[in-house]
file structure.cif (mmCIF, C-alpha atoms)
data_run
#
loop_
_atom_site.group_PDB
_atom_site.id
_atom_site.type_symbol
_atom_site.label_atom_id
_atom_site.label_comp_id
_atom_site.auth_asym_id
_atom_site.auth_seq_id
_atom_site.Cartn_x
_atom_site.Cartn_y
_atom_site.Cartn_z
ATOM 1 C CA MET Z 1 32.352 -4.943 1.312
ATOM 2 C CA SER Z 2 34.791 -4.421 4.168
ATOM 3 C CA THR Z 3 33.667 -4.009 7.768
ATOM 4 C CA LEU Z 4 34.578 -0.309 7.594
ATOM 5 C CA PHE Z 5 32.256 0.362 4.658
ATOM 6 C CA LYS Z 6 29.471 -1.795 6.125
ATOM 7 C CA THR Z 7 29.699 0.249 9.323
ATOM 8 C CA LEU Z 8 29.814 3.567 7.448
ATOM 9 C CA LEU Z 9 26.761 2.620 5.389
ATOM 10 C CA ALA Z 10 24.824 1.559 8.517
ATOM 11 C CA ILE Z 11 25.743 4.784 10.364
ATOM 12 C CA HIS Z 12 24.840 6.891 7.303
ATOM 13 C CA VAL Z 13 21.360 5.325 7.168
ATOM 14 C CA ILE Z 14 20.777 5.538 10.938
ATOM 15 C CA PHE Z 15 21.759 9.229 11.156
ATOM 16 C CA GLY Z 16 19.694 10.035 8.065
ATOM 17 C CA VAL Z 17 16.570 8.374 9.482
ATOM 18 C CA VAL Z 18 17.077 9.945 12.926
ATOM 19 C CA GLY Z 19 17.389 13.341 11.191
ATOM 20 C CA VAL Z 20 14.126 12.833 9.296
ATOM 21 C CA ILE Z 21 12.306 11.634 12.451
ATOM 22 C CA ALA Z 22 13.602 14.629 14.461
ATOM 23 C CA CYS Z 23 12.492 17.066 11.745
ATOM 24 C CA ALA Z 24 9.135 15.271 11.431
ATOM 25 C CA GLY Z 25 8.730 15.866 15.200
ATOM 26 C CA VAL Z 26 9.400 19.577 14.613
ATOM 27 C CA TRP Z 27 6.891 19.641 11.741
ATOM 28 C CA MET Z 28 4.103 17.951 13.732
ATOM 29 C CA ASN Z 29 4.633 20.310 16.673
ATOM 30 C CA MET Z 30 4.855 23.420 14.480
ATOM 31 C CA LEU Z 31 1.263 22.709 13.484
ATOM 32 C CA LYS Z 32 0.033 23.074 17.075
ATOM 33 C CA GLN Z 33 -1.568 26.273 18.381
ATOM 34 C CA LYS Z 34 0.659 26.341 21.467
ATOM 35 C CA LEU Z 35 4.257 25.695 20.455
ATOM 36 C CA PRO Z 36 6.581 23.606 22.659
ATOM 37 C CA VAL Z 37 9.554 25.906 21.839
ATOM 38 C CA ARG Z 38 12.140 24.021 23.921
ATOM 39 C CA PHE Z 39 11.232 20.737 22.176
ATOM 40 C CA LEU Z 40 11.330 22.433 18.763
ATOM 41 C CA LYS Z 41 14.840 23.790 19.381
ATOM 42 C CA TRP Z 42 16.228 20.486 20.663
ATOM 43 C CA SER Z 43 14.571 18.414 17.971
ATOM 44 C CA SER Z 44 15.784 20.689 15.186
ATOM 45 C CA ALA Z 45 19.323 20.632 16.663
ATOM 46 C CA ILE Z 46 19.220 16.799 16.643
ATOM 47 C CA GLY Z 47 17.964 16.970 13.036
ATOM 48 C CA LEU Z 48 20.817 19.251 11.939
ATOM 49 C CA VAL Z 49 23.556 17.245 13.705
ATOM 50 C CA SER Z 50 22.175 13.975 12.298
ATOM 51 C CA PHE Z 51 22.005 15.324 8.746
ATOM 52 C CA ILE Z 52 25.566 16.657 8.925
ATOM 53 C CA ALA Z 53 26.834 13.309 10.276
ATOM 54 C CA SER Z 54 24.918 11.403 7.585
ATOM 55 C CA TRP Z 55 26.211 13.852 4.953
ATOM 56 C CA VAL Z 56 29.884 13.479 5.883
ATOM 57 C CA ILE Z 57 29.777 9.688 6.333
ATOM 58 C CA GLY Z 58 27.639 9.117 3.216
ATOM 59 C CA GLY Z 59 29.886 11.446 1.213
ATOM 60 C CA TYR Z 60 32.995 9.531 2.250
ATOM 61 C CA TYR Z 61 31.341 6.181 1.423
ATOM 62 C CA TYR Z 62 30.208 7.528 -1.943
ATOM 63 C CA ALA Z 63 33.571 9.031 -2.907
ATOM 64 C CA ILE Z 64 35.761 6.135 -1.785
ATOM 65 C CA TYR Z 65 33.626 3.023 -2.265
ATOM 66 C CA TYR Z 66 30.329 3.499 -4.178
ATOM 67 C CA GLY Z 67 31.735 4.761 -7.477
ATOM 68 C CA LYS Z 68 34.266 1.948 -7.785
ATOM 69 C CA ALA Z 69 32.448 -1.024 -6.299
ATOM 70 C CA VAL Z 70 28.671 -0.446 -6.339
ATOM 71 C CA LYS Z 71 27.884 1.775 -9.324
ATOM 72 C CA PRO Z 72 29.263 -0.676 -11.959
ATOM 73 C CA ILE Z 73 27.149 -3.511 -10.486
ATOM 74 C CA ILE Z 74 23.971 -1.406 -10.698
ATOM 75 C CA GLN Z 75 24.750 -0.203 -14.221
ATOM 76 C CA LYS Z 76 25.331 -3.757 -15.476
ATOM 77 C CA GLY Z 77 22.378 -5.185 -13.559
ATOM 78 C CA GLN Z 78 18.641 -5.408 -14.124
ATOM 79 C CA TYR Z 79 17.886 -1.965 -12.673
ATOM 80 C CA PRO Z 80 20.412 0.571 -14.057
ATOM 81 C CA TRP Z 81 17.929 3.401 -13.324
ATOM 82 C CA GLY Z 82 18.689 2.714 -9.639
ATOM 83 C CA HIS Z 83 21.820 4.763 -10.263
ATOM 84 C CA SER Z 84 20.973 6.910 -13.282
ATOM 85 C CA VAL Z 85 17.715 8.244 -11.802
ATOM 86 C CA PHE Z 86 17.741 7.769 -8.048
ATOM 87 C CA MET Z 87 21.416 8.158 -7.143
ATOM 88 C CA GLU Z 88 21.787 11.100 -9.516
ATOM 89 C CA ALA Z 89 18.787 12.781 -7.862
ATOM 90 C CA LYS Z 90 20.056 11.886 -4.400
ATOM 91 C CA GLU Z 91 23.467 13.394 -5.109
ATOM 92 C CA HIS Z 92 21.840 16.779 -5.703
ATOM 93 C CA LEU Z 93 19.139 16.702 -3.042
ATOM 94 C CA PHE Z 94 21.873 15.647 -0.641
ATOM 95 C CA LEU Z 95 23.346 19.155 -0.818
ATOM 96 C CA PHE Z 96 20.207 20.873 0.421
ATOM 97 C CA LEU Z 97 19.372 19.121 3.684
ATOM 98 C CA PRO Z 98 22.108 20.365 6.049
ATOM 99 C CA PHE Z 99 21.662 23.971 4.868
ATOM 100 C CA LEU Z 100 17.878 23.868 5.089
ATOM 101 C CA SER Z 101 18.023 22.316 8.552
ATOM 102 C CA ALA Z 102 20.630 24.895 9.661
ATOM 103 C CA ALA Z 103 18.203 27.622 8.534
ATOM 104 C CA MET Z 104 15.436 25.893 10.526
ATOM 105 C CA LEU Z 105 17.531 25.758 13.707
ATOM 106 C CA VAL Z 106 18.762 29.367 13.399
ATOM 107 C CA ALA Z 107 15.195 30.613 12.854
ATOM 108 C CA LEU Z 108 13.983 28.678 15.901
ATOM 109 C CA LEU Z 109 16.852 29.897 18.073
ATOM 110 C CA LEU Z 110 16.378 33.523 17.075
ATOM 111 C CA ALA Z 111 12.608 33.739 16.825
ATOM 112 C CA GLY Z 112 11.283 30.644 18.607
ATOM 113 C CA GLU Z 113 9.724 32.609 21.466
ATOM 114 C CA HIS Z 114 7.835 34.977 19.112
ATOM 115 C CA LEU Z 115 6.567 32.413 16.629
ATOM 116 C CA GLU Z 116 3.091 32.095 18.153
ATOM 117 C CA ALA Z 117 2.548 35.837 17.737
ATOM 118 C CA GLU Z 118 4.028 36.053 14.238
ATOM 119 C CA ALA Z 119 1.790 33.973 12.039
ATOM 120 C CA PRO Z 120 3.551 34.638 8.679
ATOM 121 C CA LEU Z 121 6.921 33.605 10.127
ATOM 122 C CA LYS Z 122 5.400 30.494 11.705
ATOM 123 C CA LYS Z 123 3.776 29.585 8.392
ATOM 124 C CA ALA Z 124 7.014 30.072 6.435
ATOM 125 C CA LEU Z 125 8.988 28.033 8.946
ATOM 126 C CA THR Z 126 6.367 25.257 8.873
ATOM 127 C CA TRP Z 127 6.767 25.102 5.068
ATOM 128 C CA LEU Z 128 10.556 24.991 5.425
ATOM 129 C CA VAL Z 129 10.394 22.109 7.924
ATOM 130 C CA GLY Z 130 7.839 20.306 5.738
ATOM 131 C CA THR Z 131 10.209 20.617 2.762
ATOM 132 C CA ILE Z 132 13.057 19.168 4.851
ATOM 133 C CA VAL Z 133 10.925 16.181 5.940
ATOM 134 C CA VAL Z 134 9.655 15.439 2.419
ATOM 135 C CA LEU Z 135 13.166 15.760 0.911
ATOM 136 C CA GLY Z 136 14.583 13.603 3.718
ATOM 137 C CA ALA Z 137 11.922 10.940 3.138
ATOM 138 C CA ILE Z 138 12.658 10.977 -0.613
ATOM 139 C CA MET Z 139 16.373 10.543 0.169
ATOM 140 C CA ALA Z 140 15.662 7.601 2.476
ATOM 141 C CA LEU Z 141 13.355 5.891 -0.021
ATOM 142 C CA SER Z 142 15.867 6.511 -2.827
ATOM 143 C CA GLY Z 143 18.474 4.778 -0.681
ATOM 144 C CA ILE Z 144 16.257 1.692 -0.503
ATOM 145 C CA ILE Z 145 15.670 1.724 -4.267
ATOM 146 C CA ILE Z 146 19.406 2.145 -5.002
ATOM 147 C CA SER Z 147 20.350 -0.652 -2.587
ATOM 148 C CA GLY Z 148 17.695 -2.939 -4.060
ATOM 149 C CA ALA Z 149 19.301 -2.476 -7.497
ATOM 150 C CA VAL Z 150 22.662 -3.843 -6.309
ATOM 151 C CA ARG Z 151 22.472 -7.423 -7.635
ATOM 152 C CA MET F 1 22.008 -11.393 20.815
ATOM 153 C CA SER F 2 21.993 -10.994 17.013
ATOM 154 C CA TRP F 3 21.025 -7.816 15.116
ATOM 155 C CA GLN F 4 18.256 -9.791 13.428
ATOM 156 C CA PHE F 5 16.737 -10.667 16.814
ATOM 157 C CA LEU F 6 17.107 -7.124 18.160
ATOM 158 C CA LEU F 7 15.485 -5.613 15.066
ATOM 159 C CA THR F 8 12.663 -8.165 14.972
ATOM 160 C CA PHE F 9 12.006 -7.535 18.667
ATOM 161 C CA SER F 10 11.916 -3.712 18.202
ATOM 162 C CA HIS F 11 9.774 -4.088 15.090
ATOM 163 C CA ILE F 12 7.247 -6.234 16.952
ATOM 164 C CA ILE F 13 7.175 -3.819 19.927
ATOM 165 C CA GLY F 14 6.667 -0.876 17.534
ATOM 166 C CA THR F 15 3.818 -2.670 15.774
ATOM 167 C CA VAL F 16 2.203 -3.721 19.058
ATOM 168 C CA LEU F 17 2.309 -0.129 20.357
ATOM 169 C CA GLY F 18 0.972 1.198 17.050
ATOM 170 C CA VAL F 19 -1.837 -1.329 16.637
ATOM 171 C CA GLY F 20 -2.758 -1.111 20.329
ATOM 172 C CA GLY F 21 -2.558 2.686 20.215
ATOM 173 C CA ALA F 22 -4.760 2.923 17.115
ATOM 174 C CA THR F 23 -7.334 0.598 18.714
ATOM 175 C CA PHE F 24 -7.405 2.465 22.024
ATOM 176 C CA ALA F 25 -7.432 5.873 20.303
ATOM 177 C CA GLU F 26 -10.639 4.860 18.529
ATOM 178 C CA PHE F 27 -12.095 3.312 21.694
ATOM 179 C CA PHE F 28 -11.304 6.316 23.944
ATOM 180 C CA TYR F 29 -12.537 8.771 21.338
ATOM 181 C CA LEU F 30 -15.825 6.938 21.018
ATOM 182 C CA LYS F 31 -16.197 6.763 24.793
ATOM 183 C CA ALA F 32 -15.326 10.449 25.161
ATOM 184 C CA LEU F 33 -17.965 11.466 22.612
ATOM 185 C CA LYS F 34 -20.705 9.485 24.353
ATOM 186 C CA ASP F 35 -21.665 12.511 26.467
ATOM 187 C CA GLY F 36 -21.130 14.958 23.591
ATOM 188 C CA HIS F 37 -17.820 16.496 24.682
ATOM 189 C CA VAL F 38 -14.221 15.522 25.516
ATOM 190 C CA ASP F 39 -13.565 16.437 29.178
ATOM 191 C CA PRO F 40 -9.996 17.053 30.513
ATOM 192 C CA GLU F 41 -9.522 13.532 31.904
ATOM 193 C CA GLU F 42 -10.632 11.971 28.618
ATOM 194 C CA GLY F 43 -8.374 14.429 26.762
ATOM 195 C CA ASP F 44 -5.420 13.235 28.881
ATOM 196 C CA PHE F 45 -6.165 9.610 27.997
ATOM 197 C CA LEU F 46 -6.300 10.504 24.312
ATOM 198 C CA LYS F 47 -3.020 12.468 24.494
ATOM 199 C CA ALA F 48 -1.283 9.537 26.217
ATOM 200 C CA THR F 49 -2.618 7.163 23.548
ATOM 201 C CA TYR F 50 -1.374 9.393 20.729
ATOM 202 C CA ARG F 51 2.052 9.551 22.423
ATOM 203 C CA VAL F 52 2.191 5.738 22.520
ATOM 204 C CA LEU F 53 1.206 5.681 18.839
ATOM 205 C CA ARG F 54 4.061 8.052 17.947
ATOM 206 C CA ILE F 55 6.587 6.004 19.933
ATOM 207 C CA GLY F 56 5.350 2.889 18.124
ATOM 208 C CA MET F 57 5.741 4.601 14.785
ATOM 209 C CA ALA F 58 9.286 5.827 15.534
ATOM 210 C CA LEU F 59 10.277 2.292 16.637
ATOM 211 C CA LEU F 60 8.694 0.795 13.533
ATOM 212 C CA ILE F 61 10.518 3.203 11.203
ATOM 213 C CA LEU F 62 13.893 2.826 12.930
ATOM 214 C CA SER F 63 13.723 -0.976 13.042
ATOM 215 C CA GLY F 64 12.389 -1.045 9.460
ATOM 216 C CA PHE F 65 15.428 0.879 8.256
ATOM 217 C CA GLY F 66 17.551 -1.409 10.432
ATOM 218 C CA PHE F 67 16.233 -4.339 8.361
ATOM 219 C CA PHE F 68 17.075 -2.386 5.208
ATOM 220 C CA VAL F 69 20.699 -2.009 6.361
ATOM 221 C CA LEU F 70 20.831 -5.684 7.344
ATOM 222 C CA TYR F 71 19.543 -6.813 3.923
ATOM 223 C CA ARG F 72 21.966 -4.488 2.087
ATOM 224 C CA ILE F 73 25.007 -5.512 4.121
ATOM 225 C CA GLY F 74 24.041 -9.184 4.075
ATOM 226 C CA GLY F 75 23.682 -9.118 0.263
ATOM 227 C CA ARG F 76 19.941 -9.959 0.391
ATOM 228 C CA THR F 77 19.047 -6.903 -1.684
ATOM 229 C CA GLU F 78 16.283 -8.714 -3.620
ATOM 230 C CA LEU F 79 14.171 -8.425 -0.430
ATOM 231 C CA LEU F 80 14.168 -4.621 -0.859
ATOM 232 C CA TYR F 81 11.987 -4.961 -3.969
ATOM 233 C CA ASP F 82 9.673 -7.450 -2.274
ATOM 234 C CA PRO F 83 6.054 -6.231 -2.714
ATOM 235 C CA ARG F 84 5.363 -6.944 0.980
ATOM 236 C CA PHE F 85 8.275 -4.699 2.064
ATOM 237 C CA LEU F 86 7.289 -1.914 -0.365
ATOM 238 C CA ALA F 87 3.637 -2.120 0.731
ATOM 239 C CA LYS F 88 4.683 -1.824 4.386
ATOM 240 C CA LEU F 89 6.735 1.269 3.531
ATOM 241 C CA THR F 90 3.714 2.763 1.767
ATOM 242 C CA LEU F 91 1.448 2.080 4.756
ATOM 243 C CA THR F 92 3.988 3.722 7.080
ATOM 244 C CA ALA F 93 4.026 6.827 4.862
ATOM 245 C CA ILE F 94 0.206 6.863 4.878
ATOM 246 C CA ILE F 95 0.152 6.623 8.709
ATOM 247 C CA PHE F 96 2.522 9.600 8.965
ATOM 248 C CA PHE F 97 0.784 11.871 6.457
ATOM 249 C CA ASN F 98 -2.630 10.925 7.853
ATOM 250 C CA ALA F 99 -1.509 11.984 11.349
ATOM 251 C CA LEU F 100 -0.199 15.229 9.896
ATOM 252 C CA LEU F 101 -3.408 16.001 8.009
ATOM 253 C CA LEU F 102 -5.515 15.134 11.072
ATOM 254 C CA GLN F 103 -3.376 17.547 13.124
ATOM 255 C CA ILE F 104 -4.098 20.463 10.764
ATOM 256 C CA LYS F 105 -7.738 19.355 10.435
ATOM 257 C CA LYS F 106 -7.469 18.815 6.675
ATOM 258 C CA MET F 107 -8.535 15.189 6.936
ATOM 259 C CA PRO F 108 -12.171 14.281 7.688
ATOM 260 C CA LEU F 109 -12.272 12.359 10.937
ATOM 261 C CA TRP F 110 -14.223 9.399 9.512
ATOM 262 C CA LEU F 111 -11.566 8.828 6.861
ATOM 263 C CA GLY F 112 -8.624 9.645 9.138
ATOM 264 C CA SER F 113 -9.585 7.101 11.786
ATOM 265 C CA ALA F 114 -10.322 4.460 9.133
ATOM 266 C CA LEU F 115 -6.939 5.105 7.499
ATOM 267 C CA SER F 116 -5.058 4.947 10.797
ATOM 268 C CA PHE F 117 -6.877 1.798 11.948
ATOM 269 C CA THR F 118 -6.530 -0.046 8.625
ATOM 270 C CA SER F 119 -2.922 1.019 8.026
ATOM 271 C CA TRP F 120 -1.725 -0.192 11.417
ATOM 272 C CA TYR F 121 -3.596 -3.509 11.157
ATOM 273 C CA GLY F 122 -2.470 -3.784 7.514
ATOM 274 C CA ALA F 123 1.188 -3.350 8.534
ATOM 275 C CA LEU F 124 0.707 -6.003 11.221
ATOM 276 C CA MET F 125 -0.889 -8.364 8.717
ATOM 277 C CA LEU F 126 1.848 -7.857 6.127
ATOM 278 C CA GLY F 127 4.452 -8.505 8.793
ATOM 279 C CA ALA F 128 2.794 -11.694 9.960
ATOM 280 C CA TRP F 129 1.748 -13.092 6.547
ATOM 281 C CA ARG F 130 5.179 -14.123 5.297
ATOM 282 C CA GLY F 131 4.113 -16.363 2.434
ATOM 283 C CA ILE F 132 1.833 -13.807 0.775
ATOM 284 C CA ASP F 133 2.016 -14.145 -2.996
ATOM 285 C CA ALA F 134 0.604 -10.881 -4.330
ATOM 286 C CA SER F 135 1.887 -7.928 -6.314
ATOM 287 C CA TYR F 136 2.371 -4.469 -4.789
ATOM 288 C CA PHE F 137 -0.743 -3.167 -6.588
ATOM 289 C CA THR F 138 -2.890 -6.107 -5.469
ATOM 290 C CA ILE F 139 -1.870 -5.465 -1.877
ATOM 291 C CA LEU F 140 -2.645 -1.747 -2.160
ATOM 292 C CA ALA F 141 -5.970 -2.363 -3.925
ATOM 293 C CA SER F 142 -6.960 -4.762 -1.108
ATOM 294 C CA TYR F 143 -5.857 -2.129 1.389
ATOM 295 C CA ALA F 144 -8.012 0.559 -0.300
ATOM 296 C CA GLY F 145 -11.009 -1.804 -0.145
ATOM 297 C CA ALA F 146 -10.284 -2.517 3.519
ATOM 298 C CA VAL F 147 -10.152 1.234 4.321
ATOM 299 C CA LEU F 148 -13.660 1.702 2.898
ATOM 300 C CA MET F 149 -14.941 -1.350 4.744
ATOM 301 C CA VAL F 150 -13.426 -0.217 8.061
ATOM 302 C CA ALA F 151 -14.839 3.307 7.544
ATOM 303 C CA PHE F 152 -18.297 1.788 7.059
ATOM 304 C CA VAL F 153 -18.003 -0.488 10.127
ATOM 305 C CA LEU F 154 -16.728 2.384 12.320
ATOM 306 C CA HIS F 155 -19.622 4.526 11.076
ATOM 307 C CA ILE F 156 -22.125 1.827 12.095
ATOM 308 C CA ILE F 157 -20.444 1.386 15.504
ATOM 309 C CA ARG F 158 -20.533 5.153 16.120
ATOM 310 C CA LYS F 159 -24.172 5.316 15.083
ATOM 311 C CA ILE F 160 -25.171 2.522 17.454
ATOM 312 C CA TYR F 161 -22.959 3.558 20.371
ATOM 313 C CA LEU F 162 -23.631 7.303 20.198
ATOM 314 C CA LYS F 163 -27.407 6.932 19.751
ATOM 315 C CA PRO F 164 -29.094 9.194 22.332
ATOM 316 C CA ILE F 165 -30.786 7.203 25.078
ATOM 317 C CA PRO F 166 -34.513 8.041 25.156
ATOM 318 C CA PRO F 167 -35.727 9.382 28.500
ATOM 319 C CA ALA F 168 -37.389 6.732 30.655
ATOM 320 C CA SER F 169 -41.183 6.986 30.490
ATOM 321 C CA SER F 170 -42.974 7.161 33.822
#
call {"tool": "encode", "arguments": {"input": "structure.cif", "output": "structure tokens"}}
result
Amino acid sequence: MSTLFKTLLAIHVIFGVVGVIACAGVWMNMLKQKLPVRFLKWSSAIGLVSFIASWVIGGYYYAIYYGKAVKPIIQKGQYPWGHSVFMEAKEHLFLFLPFLSAAMLVALLLAGEHLEAEAPLKKALTWLVGTIVVLGAIMALSGIIISGAVR
Amino acid sequence: MSWQFLLTFSHIIGTVLGVGGATFAEFFYLKALKDGHVDPEEGDFLKATYRVLRIGMALLILSGFGFFVLYRIGGRTELLYDPRFLAKLTLTAIIFFNALLLQIKKMPLWLGSALSFTSWYGALMLGAWRGIDASYFTILASYAGAVLMVAFVLHIIRKIYLKPIPPASS
């Protein structure tokens, strides 16, 4: 693997994990009675930017390098399901995260100040953020499983 | 300074903050309940402790994924299927979801504190015990046993420490 692809892979992972941590911060704070709205907005913005960065960099790595150099090794190795199950799932889940986190940020920007008073909206948004965190965690763990199969 | 050193250092700091935070959270909570209620000063101590715990957890997760990148780039991918590594990941997930369930009061406090305490010490132990020769399921079964044991010990400590002091007879 060239230095470029090593760097891209490292940046993809770091942005992805930062995105999940930022959204997990939003989720934990959405569960409080008194909402720290400023923190929620900033944290969700960090989450969105991180996911987009991870998306673009990971997409480039996948399109240019993974298919040619990594996928054949996994398919011929001991753990072919590393690609056929986990990468295939990741490819599709991958599409959701930036859009879901954009919806989270827009909702917080537009209705952040009224969330405490509007319980149904707060509940729906909490579910949305929870979905983002769980999907993000699944993506991160899938990444570990896929990487572990490269041998 | 190598990446390996930097990551190990951050990982140790994260674990120290987490283990220390979990210990002090239990200690402060017990002390706060001695008089039957949590007053503002005690509440501030608890909030600060929980903040330290969260910082520890973020450091642990970031440095943990840093190790993942290092193993992948360095071609040591067999370490990613190491039972010790997978068990540590599981404990980290348990710590996070336990904190979340405690926040929304869906986790009984006796179990929540036992889970937090055991998971943090378990992660520390797995990190320190490099030569451990056990499968993922053996490690998790031992962990489940340890959670029950810690819950029992914490229950006894609470019972002894929070026992009302009888009024002095004249």
call {"tool": "atom_distance", "arguments": {"input": "structure.cif", "atom1": "atom CA of Z:Leu135", "atom2": "atom CA of F:Tyr50"}}
result
25.4 Å
call {"tool": "atom_distance", "arguments": {"input": "structure.cif", "atom1": "atom CA of F:Leu33", "atom2": "atom CA of F:Lys159"}}
result
11.5 Å
call {"tool": "atom_distance", "arguments": {"input": "structure.cif", "atom1": "atom CA of F:Glu42", "atom2": "atom CA of F:Ile13"}}
result
25.3 Å
call {"tool": "closest_residue", "arguments": {"input": "structure.cif", "among": "Z:Ser142, Z:Ser50, Z:Ser2, Z:Thr7", "to": "Z:Gly82", "atoms": "all atoms listed in the file"}}
result
Z:Ser142
call {"tool": "closest_atom_pairs", "arguments": {"input": "structure.cif", "of": "chain F", "to": "chain Z", "cutoff": "8 Å", "atoms": "only C-alpha atoms", "output": "Markdown table"}}
result
| residue | atom | partner | partner_atom | distance |
| --- | --- | --- | --- | --- |
| F:Ala58 | CA | Z:Ile21 | CA | 7.2 |
| F:Leu62 | CA | Z:Val17 | CA | 7.1 |
| F:Phe65 | CA | Z:Val13 | CA | 7.5 |
| F:Gly66 | CA | Z:Ile14 | CA | 7.7 |
| F:Phe68 | CA | Z:Ile144 | CA | 7.1 |
| F:Val69 | CA | Z:Ala10 | CA | 5.9 |
| F:Arg72 | CA | Z:Ser147 | CA | 6.3 |
| F:Ile73 | CA | Z:Lys6 | CA | 6.1 |
| F:Thr77 | CA | Z:Gly148 | CA | 4.8 |
| F:Glu78 | CA | Z:Gly148 | CA | 6.0 |
| F:Leu79 | CA | Z:Gly148 | CA | 7.5 |
| F:Leu80 | CA | Z:Gly148 | CA | 5.1 |
| F:Tyr81 | CA | Z:Gly148 | CA | 6.1 |
| F:Leu100 | CA | Z:Met28 | CA | 6.4 |
| F:Gln103 | CA | Z:Leu31 | CA | 6.9 |
| F:Ile104 | CA | Z:Leu31 | CA | 6.4 |
call {"tool": "write_last_selection", "arguments": {"input": "structure.cif", "atoms": "C-alpha atoms", "output": "PDB file, in the coordinates of the input"}}
result
ATOM      1  CA  ALA F  58       9.286   5.827  15.534  1.00  0.00           C
ATOM      2  CA  LEU F  62      13.893   2.826  12.930  1.00  0.00           C
ATOM      3  CA  PHE F  65      15.428   0.879   8.256  1.00  0.00           C
ATOM      4  CA  GLY F  66      17.551  -1.409  10.432  1.00  0.00           C
ATOM      5  CA  PHE F  68      17.075  -2.386   5.208  1.00  0.00           C
ATOM      6  CA  VAL F  69      20.699  -2.009   6.361  1.00  0.00           C
ATOM      7  CA  ARG F  72      21.966  -4.488   2.087  1.00  0.00           C
ATOM      8  CA  ILE F  73      25.007  -5.512   4.121  1.00  0.00           C
ATOM      9  CA  THR F  77      19.047  -6.903  -1.684  1.00  0.00           C
ATOM     10  CA  GLU F  78      16.283  -8.714  -3.620  1.00  0.00           C
ATOM     11  CA  LEU F  79      14.171  -8.425  -0.430  1.00  0.00           C
ATOM     12  CA  LEU F  80      14.168  -4.621  -0.859  1.00  0.00           C
ATOM     13  CA  TYR F  81      11.987  -4.961  -3.969  1.00  0.00           C
ATOM     14  CA  LEU F 100      -0.199  15.229   9.896  1.00  0.00           C
ATOM     15  CA  GLN F 103      -3.376  17.547  13.124  1.00  0.00           C
ATOM     16  CA  ILE F 104      -4.098  20.463  10.764  1.00  0.00           C
TER      17      ILE F 104
END
call {"tool": "resolve_selection", "arguments": {"input": "structure.cif", "expression": "the PyMOL selection byres ((chain Z and resi 66) around 12)", "output": "ChimeraX atom specification"}}
result
/Z:1,5-6,8-9,58-65,67-74,83,87,146-147,150
call {"tool": "resolve_selection", "arguments": {"input": "structure.cif", "expression": "the PyMOL selection byres ((chain Z and resi 99) around 12)", "output": "list in words"}}
result
Gly47, Leu48, Val49, Phe51, Ile52, Trp55, Leu93, Phe94, Leu95, Phe96, Leu97, Pro98, Leu100, Ser101, Ala102, Ala103, Met104, Leu105, Val106, Leu128, Val129 and Ile132 of chain Z
call {"tool": "resolve_selection", "arguments": {"input": "structure.cif", "expression": "the PyMOL selection byres ((chain F and resi 25-27) around 9)", "output": "list in words"}}
result
Gly20, Gly21, Ala22, Thr23, Phe24, Phe28, Tyr29, Leu30, Lys31, Ala32, Phe45, Leu46, Lys47, Thr49, Tyr50, Leu53, Ser113 and Phe117 of chain F
call {"tool": "axis_aligned_box", "arguments": {"input": "structure.cif", "around": "stretch 82-99 of chain F", "padding_each_side": "4 Å", "output": "JSON"}}
result
{"center_x": 3.5, "center_y": 2.3, "center_z": 4.3, "size_x": 20.3, "size_y": 27.4, "size_z": 22.1}
call {"tool": "decode", "arguments": {"input": "structure.cif", "residues": "stretch 83-92 of chain F", "atoms": "N, CA and C atoms", "output": "mmCIF file, in the first residue's frame"}}
result
data_model
loop_
_atom_site.group_PDB
_atom_site.id
_atom_site.type_symbol
_atom_site.label_atom_id
_atom_site.label_comp_id
_atom_site.auth_asym_id
_atom_site.auth_seq_id
_atom_site.Cartn_x
_atom_site.Cartn_y
_atom_site.Cartn_z
ATOM 1 N N PRO F 83 -8.873 -12.315 20.468
ATOM 2 C CA PRO F 83 -9.984 -12.280 21.423
ATOM 3 C C PRO F 83 -9.869 -11.126 22.434
ATOM 4 N N ARG F 84 -8.636 -10.803 22.826
ATOM 5 C CA ARG F 84 -8.421 -9.732 23.809
ATOM 6 C C ARG F 84 -8.884 -8.382 23.221
ATOM 7 N N PHE F 85 -8.553 -8.133 21.974
ATOM 8 C CA PHE F 85 -8.936 -6.895 21.282
ATOM 9 C C PHE F 85 -10.464 -6.828 21.120
ATOM 10 N N LEU F 86 -11.061 -7.959 20.693
ATOM 11 C CA LEU F 86 -12.513 -7.989 20.487
ATOM 12 C C LEU F 86 -13.256 -7.841 21.820
ATOM 13 N N ALA F 87 -12.702 -8.448 22.881
ATOM 14 C CA ALA F 87 -13.338 -8.324 24.200
ATOM 15 C C ALA F 87 -13.270 -6.876 24.696
ATOM 16 N N LYS F 88 -12.140 -6.207 24.432
ATOM 17 C CA LYS F 88 -12.018 -4.805 24.844
ATOM 18 C C LYS F 88 -13.033 -3.933 24.099
ATOM 19 N N LEU F 89 -13.218 -4.225 22.820
ATOM 20 C CA LEU F 89 -14.220 -3.481 22.032
ATOM 21 C C LEU F 89 -15.618 -3.683 22.625
ATOM 22 N N THR F 90 -15.904 -4.936 22.998
ATOM 23 C CA THR F 90 -17.217 -5.244 23.575
ATOM 24 C C THR F 90 -17.417 -4.486 24.885
ATOM 25 N N LEU F 91 -16.386 -4.473 25.728
ATOM 26 C CA LEU F 91 -16.496 -3.771 27.017
ATOM 27 C C LEU F 91 -16.715 -2.271 26.796
ATOM 28 N N THR F 92 -16.046 -1.710 25.784
ATOM 29 C CA THR F 92 -16.222 -0.286 25.488
ATOM 30 C C THR F 92 -17.666 -0.006 25.073
#
